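K.L.:
Structure: input_20.txt, compact mmCIF, C-alpha atoms.
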# COMPACT_ATOMS: atom_id res chain seq x y z
CA MET K 1 16.80 -28.77 -35.47
CA ALA K 2 20.33 -28.30 -36.67
CA ASP K 3 21.72 -31.63 -37.71
CA GLU K 4 23.95 -32.50 -34.81
CA VAL K 5 26.05 -35.59 -35.32
CA GLU K 6 25.26 -37.48 -32.13
CA GLN K 7 21.47 -37.11 -31.98
CA PRO K 8 19.02 -39.90 -32.85
CA PRO K 9 17.23 -39.48 -36.22
CA THR K 10 14.29 -37.04 -36.02
CA THR K 11 10.77 -38.39 -36.39
CA ASN K 12 8.48 -37.40 -39.22
CA THR K 13 5.38 -36.85 -37.10
CA VAL K 14 4.40 -33.47 -35.72
CA GLU K 15 4.24 -33.84 -31.96
CA GLU K 16 4.85 -30.37 -30.57
CA PRO K 17 4.82 -26.78 -31.83
CA LEU K 18 8.56 -26.80 -32.50
CA ASP K 19 7.98 -29.64 -34.95
CA LEU K 20 6.01 -27.22 -37.08
CA ILE K 21 9.13 -25.11 -37.38
CA ARG K 22 11.08 -28.22 -38.30
CA LEU K 23 8.79 -28.59 -41.30
CA SER K 24 10.01 -25.18 -42.51
CA LEU K 25 13.71 -26.04 -42.46
CA ASP K 26 15.42 -24.90 -45.64
CA GLU K 27 12.30 -23.04 -46.65
CA ARG K 28 11.79 -19.32 -46.76
CA ILE K 29 9.98 -18.09 -43.66
CA TYR K 30 8.58 -14.95 -42.15
CA VAL K 31 9.64 -14.07 -38.61
CA LYS K 32 7.93 -11.37 -36.60
CA MET K 33 10.18 -9.95 -33.92
CA ARG K 34 9.91 -7.56 -31.02
CA ASN K 35 10.38 -3.84 -31.59
CA ASP K 36 8.40 -3.80 -34.84
CA ARG K 37 10.87 -5.86 -36.80
CA GLU K 38 10.24 -8.51 -39.39
CA LEU K 39 12.61 -10.91 -41.05
CA ARG K 40 12.18 -12.84 -44.26
CA GLY K 41 14.79 -15.42 -44.99
CA ARG K 42 15.68 -19.08 -45.49
CA LEU K 43 15.66 -21.07 -42.26
CA HIS K 44 18.88 -23.03 -41.94
CA ALA K 45 18.77 -23.98 -38.27
CA TYR K 46 16.92 -23.39 -35.05
CA ASP K 47 16.90 -24.57 -31.45
CA GLN K 48 14.47 -24.82 -28.53
CA HIS K 49 15.03 -21.16 -27.61
CA LEU K 50 14.09 -20.19 -31.17
CA ASN K 51 17.63 -19.00 -31.79
CA MET K 52 17.73 -19.24 -35.58
CA ILE K 53 20.11 -19.09 -38.46
CA LEU K 54 18.57 -17.38 -41.47
CA GLY K 55 20.15 -17.04 -44.87
CA ASP K 56 19.48 -14.33 -47.46
CA VAL K 57 17.61 -12.26 -44.92
CA GLU K 58 15.64 -9.10 -45.46
CA GLU K 59 15.00 -7.20 -42.22
CA THR K 60 12.17 -4.67 -42.13
CA VAL K 61 12.01 -2.15 -39.30
CA THR K 62 8.74 -0.22 -39.10
CA THR K 63 8.51 3.15 -37.36
CA VAL K 64 5.55 5.42 -36.78
CA GLU K 65 5.92 9.14 -36.98
CA ILE K 66 3.17 11.48 -35.90
CA ASP K 67 2.72 14.57 -38.04
CA GLU K 68 2.83 17.56 -35.69
CA GLU K 69 0.04 19.47 -37.38
CA THR K 70 -2.38 16.89 -38.72
CA TYR K 71 -1.60 14.27 -36.06
CA GLU K 72 -1.77 11.59 -38.68
CA GLU K 73 0.39 8.52 -38.34
CA LEU K 74 3.09 8.09 -40.95
CA TYR K 75 4.35 4.52 -41.16
CA LYS K 76 7.88 4.22 -42.40
CA SER K 77 9.81 1.04 -42.97
CA THR K 78 13.54 0.57 -43.37
CA LYS K 79 14.85 -2.56 -45.02
CA ARG K 80 18.27 -4.10 -45.15
CA ASN K 81 19.70 -7.33 -46.49
CA ILE K 82 22.08 -9.61 -44.66
CA PRO K 83 23.54 -12.78 -46.22
CA MET K 84 23.67 -14.94 -43.08
CA LEU K 85 22.24 -14.02 -39.72
CA PHE K 86 22.13 -15.61 -36.28
CA VAL K 87 18.97 -14.46 -34.46
CA ARG K 88 18.68 -14.66 -30.69
CA GLY K 89 15.49 -16.45 -29.77
CA ASP K 90 14.18 -14.10 -27.13
CA GLY K 91 13.43 -11.49 -29.78
CA VAL K 92 11.24 -13.82 -31.83
CA VAL K 93 7.46 -13.35 -31.58
CA LEU K 94 6.21 -15.64 -34.32
CA VAL K 95 7.41 -17.83 -37.18
CA ALA K 96 5.29 -18.43 -40.28
CA PRO K 97 5.52 -19.25 -43.97
CA PRO K 98 6.13 -16.08 -46.00
CA LEU K 99 3.05 -13.88 -46.30
CA ARG K 100 1.46 -13.88 -49.71
CA VAL K 101 0.20 -10.49 -50.90
CA GLY K 102 -3.35 -10.34 -52.28
CA MET I 1 36.57 -19.39 -17.70
CA GLU I 2 37.89 -21.07 -20.84
CA SER I 3 40.17 -24.07 -20.85
CA GLU I 4 42.61 -24.76 -23.67
CA ALA I 5 41.32 -27.23 -26.22
CA GLY I 6 44.04 -29.64 -27.28
CA GLY I 7 45.63 -29.44 -30.71
CA SER I 8 45.36 -26.96 -33.53
CA ALA I 9 41.58 -26.86 -33.95
CA PRO I 10 40.53 -23.74 -35.86
CA SER I 11 37.46 -23.26 -33.66
CA GLY I 12 37.42 -21.88 -30.14
CA ALA I 13 38.29 -23.22 -26.75
CA VAL I 14 35.64 -25.02 -24.72
CA ALA I 15 34.18 -23.85 -21.40
CA SER I 16 35.62 -25.45 -18.31
CA SER I 17 32.33 -26.07 -16.49
CA LEU I 18 30.19 -29.10 -17.29
CA ARG I 19 27.05 -27.02 -16.99
CA GLU I 20 28.20 -24.59 -19.67
CA ARG I 21 29.33 -27.36 -21.95
CA THR I 22 25.96 -29.07 -21.66
CA ILE I 23 24.03 -25.87 -22.31
CA ALA I 24 26.21 -25.08 -25.32
CA GLU I 25 25.98 -28.59 -26.70
CA ASN I 26 22.19 -28.45 -26.72
CA SER I 27 21.63 -25.06 -28.33
CA MET I 28 22.73 -22.99 -31.30
CA VAL I 29 25.14 -21.02 -29.16
CA ILE I 30 27.60 -23.70 -30.21
CA LEU I 31 27.83 -22.06 -33.61
CA LEU I 32 28.71 -18.70 -32.08
CA GLN I 33 31.40 -20.38 -30.01
CA GLY I 34 32.90 -21.67 -33.21
CA LEU I 35 33.23 -18.12 -34.49
CA GLN I 36 36.03 -17.33 -32.08
CA GLY I 37 38.79 -15.53 -33.92
CA GLN I 38 36.48 -14.34 -36.70
CA GLU I 39 35.51 -10.75 -37.33
CA THR I 40 31.74 -10.31 -37.07
CA THR I 41 29.11 -7.71 -36.40
CA VAL I 42 26.89 -8.08 -33.35
CA ASP I 43 23.65 -6.11 -33.44
CA LEU I 44 22.58 -5.20 -29.94
CA ARG I 45 19.12 -4.80 -28.45
CA ASN I 46 19.75 -1.11 -27.95
CA GLU I 47 19.92 -0.54 -31.73
CA CYS I 48 23.71 -0.27 -31.61
CA ALA I 49 26.14 -2.49 -33.53
CA ALA I 50 29.60 -3.68 -32.60
CA ARG I 51 31.99 -4.98 -35.27
CA GLY I 52 35.10 -6.74 -34.05
CA ARG I 53 36.96 -9.98 -33.58
CA VAL I 54 35.23 -12.55 -31.40
CA VAL I 55 37.42 -13.43 -28.43
CA SER I 56 34.97 -15.76 -26.71
CA VAL I 57 31.31 -16.66 -26.46
CA ASP I 58 29.94 -18.50 -23.46
CA ALA I 59 26.90 -20.72 -23.09
CA PHE I 60 24.74 -17.73 -22.15
CA MET I 61 25.70 -15.92 -25.36
CA ASN I 62 27.83 -13.39 -23.46
CA ILE I 63 30.29 -12.21 -26.12
CA ARG I 64 33.75 -10.75 -25.72
CA LEU I 65 34.99 -8.77 -28.71
CA GLU I 66 38.32 -7.06 -29.38
CA ASP I 67 39.42 -4.34 -31.77
CA VAL I 68 35.87 -3.10 -31.99
CA LEU I 69 34.12 -0.46 -34.03
CA TYR I 70 31.05 0.44 -31.98
CA ARG I 71 28.38 2.27 -33.87
CA ASP I 72 25.63 3.80 -31.77
CA ARG I 73 22.05 4.32 -32.83
CA ARG I 74 22.85 7.77 -34.16
CA GLY I 75 25.54 6.35 -36.45
CA GLN I 76 28.48 7.66 -34.43
CA SER I 77 31.44 5.31 -34.32
CA THR I 78 33.81 4.68 -31.44
CA ARG I 79 36.90 2.48 -31.40
CA LEU I 80 37.11 0.13 -28.46
CA GLN I 81 39.89 -2.23 -27.57
CA ASP I 82 37.68 -4.65 -25.64
CA LEU I 83 33.93 -5.02 -25.47
CA PHE I 84 31.84 -7.39 -23.37
CA VAL I 85 28.23 -7.84 -24.44
CA THR I 86 25.76 -9.56 -22.13
CA GLY I 87 23.92 -12.40 -23.85
CA ARG I 88 20.55 -10.80 -23.18
CA ASN I 89 21.56 -7.74 -25.15
CA VAL I 90 22.36 -9.58 -28.34
CA ARG I 91 19.80 -9.24 -31.10
CA TYR I 92 21.70 -10.57 -34.13
CA VAL I 93 25.12 -11.94 -34.91
CA HIS I 94 26.18 -11.59 -38.53
CA ILE I 95 27.81 -14.79 -39.71
CA PRO I 96 30.74 -14.13 -42.07
CA ASP I 97 30.22 -15.45 -45.60
CA HIS I 98 33.20 -17.80 -45.57
CA VAL I 99 32.09 -19.70 -42.47
CA ASP I 100 30.87 -23.24 -43.06
CA ILE I 101 28.12 -23.50 -40.46
CA MET I 102 27.84 -27.29 -40.32
CA LYS I 103 31.59 -27.80 -40.06
CA THR I 104 31.95 -25.14 -37.39
CA MET I 105 29.24 -26.67 -35.22
CA GLN I 106 30.56 -30.20 -35.70
CA ASN I 107 34.03 -29.01 -34.81
CA GLN I 108 32.84 -27.39 -31.58
CA LEU I 109 30.80 -30.45 -30.65
CA ALA I 110 33.81 -32.65 -31.29
CA GLN I 111 35.84 -30.50 -28.92
CA ILE I 112 33.26 -30.88 -26.19
CA HIS I 113 33.23 -34.63 -26.68
CA ARG I 114 37.00 -34.70 -26.56
CA VAL I 115 36.95 -32.93 -23.20
CA ARG I 116 34.25 -35.25 -21.93
CA ASN I 117 36.22 -38.35 -22.85
CA PHE I 118 39.42 -36.93 -21.44
CA ALA I 119 37.80 -36.15 -18.08
CA GLY I 120 37.08 -39.87 -17.85
CA GLY I 121 34.37 -42.00 -16.28
CA LYS I 122 34.58 -40.75 -12.70
CA LYS I 123 33.80 -37.09 -13.09
CA GLU I 124 31.35 -36.95 -15.96
CA PHE I 125 28.61 -39.09 -17.35
CA SER I 126 29.53 -40.66 -20.65
CA LYS I 127 27.11 -42.26 -23.03
CA LYS I 128 27.33 -46.02 -22.79
CA ASN I 129 25.83 -48.17 -25.51
What's the structure tokens form of this structure?
P.N.:
Amino acid sequence: MADEVEQPPTTNTVEEPLDLIRLSLDERIYVKMRNDRELRGRLHAYDQHLNMILGDVEETVTTVEIDEETYEELYKSTKRNIPMLFVRGDGVVLVAPPLRVG
Amino acid sequence: MESEAGGSAPSGAVASSLRERTIAENSMVILLQGLQGQETTVDLRNECAARGRVVSVDAFMNIRLEDVLYRDRRGQSTRLQDLFVTGRNVRYVHIPDHVDIMKTMQNQLAQIHRVRNFAGGKKEFSKKN
């Protein structure tokens, strides 16, 4: 959770799924979003709606194009970098540690 | 819907309903409320982006912007004097580099607490230790 001044100190035990996200605070995470979007960034803050603040974010948007003649699917991805981003929680599908390739 | 916060606080005014203040106090919307007066980009769910000065943000993330450059999904830009975005249609809000996130949130929370204490014991519940 974001460190709000008035709240009691947070416990160290994992009691509910949101606590798992708390473990990732200040770490780099992978966020899968709706509409074929993915974010990779450093988690600075989050709340119960999964609204999040991510720093040093790379957003990947994946689109599929169908070739008219061969009907094969061409997957294209567009990336962009944003220094500090507030993400509205209703777009978030999943939150995980960054994927390791291979 | 907004009431004037007392003094020369750099952050924004606080909502006048207790319900909105409580919702804001318990979620990250409080940071967006602290961005009032700043120029930011709001990415919308419809793949469009609006860049302008934040006039106000309410507890439901409804955002009012002024002096807006609205870029649609095709890249075409339109200048708008005023833009109201429904909270549901917000995908991202770009936080300007110079904003200190912790300070902004603490500032906004302090404003809410100031209003709560000012309203006094009769109207609102105050934390008693």
K.L.:
Within 12 Å of chain K, which residues of chain I show up when using all atoms listed in the file, listed as a VMD selection string?
P.N.:
chain I and resid 23 to 32 35 40 to 47 60 to 62 87 to 110 112 to 113 127
K.L.:
Please measure the separation of atom CA of I:Ile63 and atom CA of I:Phe84, giving the value in Å to one decimal.
P.N.:
5.8 Å
K.L.:
Pick out the residues sitting within 7 Å of I:Gly37, and hand them over as a list of chain:residue names; count all atoms listed in the file, and ignore anything fewer than 4 positions along from it in its own chain.
P.N.:
I:Arg53, I:Val54, I:Val55
K.L.:
May I ask which of the residues I:Arg116, I:Ser56, I:Val14, I:Cys48 is the closest one to I:Arg74, counting all atoms listed in the file?
P.N.:
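Closest residue, counting all atoms listed in the file: I:Cys48.
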K.L.:
Which is closest to I:Ala13 among I:Asp82, I:Asp58, I:Asp67, I:Asp72, if we use all atoms listed in the file?
P.N.:
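Counting all atoms listed in the file, the residue closest to I:Ala13 is I:Asp58.
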K.L.:
Identify which of the residues K:Glu38, K:Asp26, K:Asp56, K:Glu69 lies closest to K:Asn81, counting all atoms listed in the file when measuring atom-to-atom distances.
P.N.:
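Between K:Glu38, K:Asp26, K:Asp56, K:Glu69, the residue approaching K:Asn81 most closely is K:Asp56.
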K.L.:
Save stretch 47-71 of chain K of the structure in the block above to a file, with N, CA, C and O atoms included, as a PDB file, in the first residue's frame.
P.N.:
ATOM      1  N   ASP K  47      -3.405   0.325  -4.650  1.00  0.00           N
ATOM      2  CA  ASP K  47      -4.497   0.349  -3.681  1.00  0.00           C
ATOM      3  C   ASP K  47      -5.399  -0.863  -3.913  1.00  0.00           C
ATOM      4  O   ASP K  47      -5.095  -1.715  -4.739  1.00  0.00           O
ATOM      5  N   GLN K  48      -6.517  -0.920  -3.186  1.00  0.00           N
ATOM      6  CA  GLN K  48      -7.375  -2.107  -3.240  1.00  0.00           C
ATOM      7  C   GLN K  48      -8.034  -2.276  -4.599  1.00  0.00           C
ATOM      8  O   GLN K  48      -8.496  -3.355  -4.942  1.00  0.00           O
ATOM      9  N   HIS K  49      -8.108  -1.198  -5.381  1.00  0.00           N
ATOM     10  CA  HIS K  49      -8.710  -1.324  -6.722  1.00  0.00           C
ATOM     11  C   HIS K  49      -7.692  -1.782  -7.741  1.00  0.00           C
ATOM     12  O   HIS K  49      -8.013  -1.985  -8.898  1.00  0.00           O
ATOM     13  N   LEU K  50      -6.425  -1.924  -7.281  1.00  0.00           N
ATOM     14  CA  LEU K  50      -5.292  -2.189  -8.160  1.00  0.00           C
ATOM     15  C   LEU K  50      -4.944  -0.984  -9.022  1.00  0.00           C
ATOM     16  O   LEU K  50      -4.261  -1.120 -10.031  1.00  0.00           O
ATOM     17  N   ASN K  51      -5.410   0.217  -8.639  1.00  0.00           N
ATOM     18  CA  ASN K  51      -4.811   1.427  -9.193  1.00  0.00           C
ATOM     19  C   ASN K  51      -3.338   1.355  -8.792  1.00  0.00           C
ATOM     20  O   ASN K  51      -3.020   0.986  -7.673  1.00  0.00           O
ATOM     21  N   MET K  52      -2.437   1.665  -9.723  1.00  0.00           N
ATOM     22  CA  MET K  52      -1.023   1.529  -9.392  1.00  0.00           C
ATOM     23  C   MET K  52      -0.227   2.714  -9.895  1.00  0.00           C
ATOM     24  O   MET K  52      -0.612   3.371 -10.859  1.00  0.00           O
ATOM     25  N   ILE K  53       0.866   2.943  -9.238  1.00  0.00           N
ATOM     26  CA  ILE K  53       1.827   3.924  -9.740  1.00  0.00           C
ATOM     27  C   ILE K  53       3.078   3.153 -10.123  1.00  0.00           C
ATOM     28  O   ILE K  53       3.669   2.467  -9.291  1.00  0.00           O
ATOM     29  N   LEU K  54       3.427   3.231 -11.392  1.00  0.00           N
ATOM     30  CA  LEU K  54       4.607   2.514 -11.883  1.00  0.00           C
ATOM     31  C   LEU K  54       5.628   3.509 -12.378  1.00  0.00           C
ATOM     32  O   LEU K  54       5.287   4.471 -13.066  1.00  0.00           O
ATOM     33  N   GLY K  55       6.876   3.268 -12.042  1.00  0.00           N
ATOM     34  CA  GLY K  55       7.949   4.129 -12.521  1.00  0.00           C
ATOM     35  C   GLY K  55       8.755   3.425 -13.591  1.00  0.00           C
ATOM     36  O   GLY K  55       8.833   2.197 -13.607  1.00  0.00           O
ATOM     37  N   ASP K  56       9.343   4.214 -14.512  1.00  0.00           N
ATOM     38  CA  ASP K  56      10.203   3.643 -15.563  1.00  0.00           C
ATOM     39  C   ASP K  56       9.488   2.537 -16.321  1.00  0.00           C
ATOM     40  O   ASP K  56       9.963   1.401 -16.410  1.00  0.00           O
ATOM     41  N   VAL K  57       8.331   2.896 -16.866  1.00  0.00           N
ATOM     42  CA  VAL K  57       7.430   1.891 -17.432  1.00  0.00           C
ATOM     43  C   VAL K  57       7.695   1.675 -18.909  1.00  0.00           C
ATOM     44  O   VAL K  57       7.945   2.625 -19.650  1.00  0.00           O
ATOM     45  N   GLU K  58       7.600   0.411 -19.317  1.00  0.00           N
ATOM     46  CA  GLU K  58       7.581   0.122 -20.743  1.00  0.00           C
ATOM     47  C   GLU K  58       6.229  -0.517 -21.052  1.00  0.00           C
ATOM     48  O   GLU K  58       5.881  -1.561 -20.491  1.00  0.00           O
ATOM     49  N   GLU K  59       5.437   0.125 -21.916  1.00  0.00           N
ATOM     50  CA  GLU K  59       4.135  -0.411 -22.288  1.00  0.00           C
ATOM     51  C   GLU K  59       4.260  -1.120 -23.622  1.00  0.00           C
ATOM     52  O   GLU K  59       4.838  -0.585 -24.569  1.00  0.00           O
ATOM     53  N   THR K  60       3.719  -2.325 -23.700  1.00  0.00           N
ATOM     54  CA  THR K  60       3.740  -3.077 -24.956  1.00  0.00           C
ATOM     55  C   THR K  60       2.307  -3.310 -25.382  1.00  0.00           C
ATOM     56  O   THR K  60       1.516  -3.880 -24.632  1.00  0.00           O
ATOM     57  N   VAL K  61       1.960  -2.858 -26.586  1.00  0.00           N
ATOM     58  CA  VAL K  61       0.632  -3.090 -27.134  1.00  0.00           C
ATOM     59  C   VAL K  61       0.779  -4.080 -28.270  1.00  0.00           C
ATOM     60  O   VAL K  61       1.551  -3.857 -29.204  1.00  0.00           O
ATOM     61  N   THR K  62       0.051  -5.197 -28.203  1.00  0.00           N
ATOM     62  CA  THR K  62       0.193  -6.235 -29.228  1.00  0.00           C
ATOM     63  C   THR K  62      -1.037  -6.233 -30.128  1.00  0.00           C
ATOM     64  O   THR K  62      -2.166  -6.235 -29.651  1.00  0.00           O
ATOM     65  N   THR K  63      -0.808  -6.213 -31.429  1.00  0.00           N
ATOM     66  CA  THR K  63      -1.929  -6.264 -32.373  1.00  0.00           C
ATOM     67  C   THR K  63      -1.730  -7.445 -33.309  1.00  0.00           C
ATOM     68  O   THR K  63      -0.610  -7.861 -33.582  1.00  0.00           O
ATOM     69  N   VAL K  64      -2.854  -7.967 -33.784  1.00  0.00           N
ATOM     70  CA  VAL K  64      -2.786  -9.076 -34.740  1.00  0.00           C
ATOM     71  C   VAL K  64      -3.328  -8.598 -36.070  1.00  0.00           C
ATOM     72  O   VAL K  64      -4.430  -8.057 -36.137  1.00  0.00           O
ATOM     73  N   GLU K  65      -2.536  -8.794 -37.085  1.00  0.00           N
ATOM     74  CA  GLU K  65      -3.027  -8.470 -38.426  1.00  0.00           C
ATOM     75  C   GLU K  65      -3.130  -9.746 -39.225  1.00  0.00           C
ATOM     76  O   GLU K  65      -2.249 -10.601 -39.168  1.00  0.00           O
ATOM     77  N   ILE K  66      -4.220  -9.882 -39.960  1.00  0.00           N
ATOM     78  CA  ILE K  66      -4.384 -11.078 -40.790  1.00  0.00           C
ATOM     79  C   ILE K  66      -3.970 -10.738 -42.212  1.00  0.00           C
ATOM     80  O   ILE K  66      -4.479  -9.798 -42.801  1.00  0.00           O
ATOM     81  N   ASP K  67      -3.040 -11.522 -42.749  1.00  0.00           N
ATOM     82  CA  ASP K  67      -2.622 -11.318 -44.135  1.00  0.00           C
ATOM     83  C   ASP K  67      -3.778 -11.715 -45.053  1.00  0.00           C
ATOM     84  O   ASP K  67      -4.336 -12.797 -44.942  1.00  0.00           O
ATOM     85  N   GLU K  68      -4.127 -10.812 -45.981  1.00  0.00           N
ATOM     86  CA  GLU K  68      -5.306 -11.035 -46.809  1.00  0.00           C
ATOM     87  C   GLU K  68      -5.200 -12.291 -47.665  1.00  0.00           C
ATOM     88  O   GLU K  68      -6.184 -12.978 -47.898  1.00  0.00           O
ATOM     89  N   GLU K  69      -4.000 -12.570 -48.135  1.00  0.00           N
ATOM     90  CA  GLU K  69      -3.863 -13.693 -49.080  1.00  0.00           C
ATOM     91  C   GLU K  69      -3.594 -15.007 -48.366  1.00  0.00           C
ATOM     92  O   GLU K  69      -4.253 -16.016 -48.616  1.00  0.00           O
ATOM     93  N   THR K  70      -2.615 -15.007 -47.476  1.00  0.00           N
ATOM     94  CA  THR K  70      -2.235 -16.260 -46.839  1.00  0.00           C
ATOM     95  C   THR K  70      -3.035 -16.544 -45.578  1.00  0.00           C
ATOM     96  O   THR K  70      -2.973 -17.645 -45.041  1.00  0.00           O
ATOM     97  N   TYR K  71      -3.763 -15.551 -45.110  1.00  0.00           N
ATOM     98  CA  TYR K  71      -4.565 -15.664 -43.872  1.00  0.00           C
ATOM     99  C   TYR K  71      -3.723 -15.988 -42.648  1.00  0.00           C
ATOM    100  O   TYR K  71      -4.222 -16.484 -41.654  1.00  0.00           O
TER     101      TYR K  71
END
